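Working notes for the structure below.
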Amino acid sequence: MKIRKIFKDHPEITYDILKRIPKEIANPVMILKSATVAGRQVIILNIKGTNGLNVIAPVQLDVKKSYKSKYFKFHLY
């Protein structure tokens with residue numbers, strides 16, 4: 001499960017922090033174009049992990065040819 005992987009790979013992200021992410025994405029600190037991945041935006045959120053650093057959420061909109069398959073991919077750092 002993806003959530004277990006987040007907790008394993010990022011111990012500074014707690015369940016309470018994860019629950020706040022959708023709300024915080026609506027009011028980000030900063031949005032940048034990714035310097036390494038074309039078509040990806042990097043969103044800096046006003047959430048601090050347990051390590052004291054801001055949560056960074058790279059977001060990529062994947063669009064297929066079908067109108068039903070538009071979705072966002074989120075990664076947390």
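By convention here, the chains of the structure tokens are called A, B, ... in the order presented, each chain's residues are numbered starting at 1, and ligands are numbered starting at 1 in the order presented.
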
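Once Ser34 (chain A) and its same-chain neighbours fewer than 5 positions away are set aside, Gly39, Arg40, Gln41, Val42, Ile43, Ile44, Ile56, Ala57, Pro58, Val59 and Gln60 of chain A remain within 12 Å of it when counting only C-alpha atoms.
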
Exercise. Could you name the residues that touch Pro22 (chain A) at 12 Å or less, counting only C-alpha atoms, but leaving out those on the same chain fewer than 3 positions away, as a count of residues only?
Worked result: 14

Exercise. From the set A:Lys23, A:Arg4, A:Val37, A:Met30, which residue has the shortest atom-to-atom contact distance to Asn54 (chain A), counting only C-alpha atoms?
Worked result: A:Met30

Exercise. If you measure from CA of Lys48 (chain A) to CA of Thr14 (chain A), what distance in Å do you get, rounded to one decimal?
Worked result: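 Taking CA of Lys48 (chain A) and CA of Thr14 (chain A), their separation equals 10.4 Å.
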
Exercise. So which residues touch region 51-53 of chain A within 9 Å, counting only C-alpha atoms, skipping near sequence neighbours fewer than 4 positions away, as a PyMOL selection string?
Worked result: chain A and resi 11-13+47
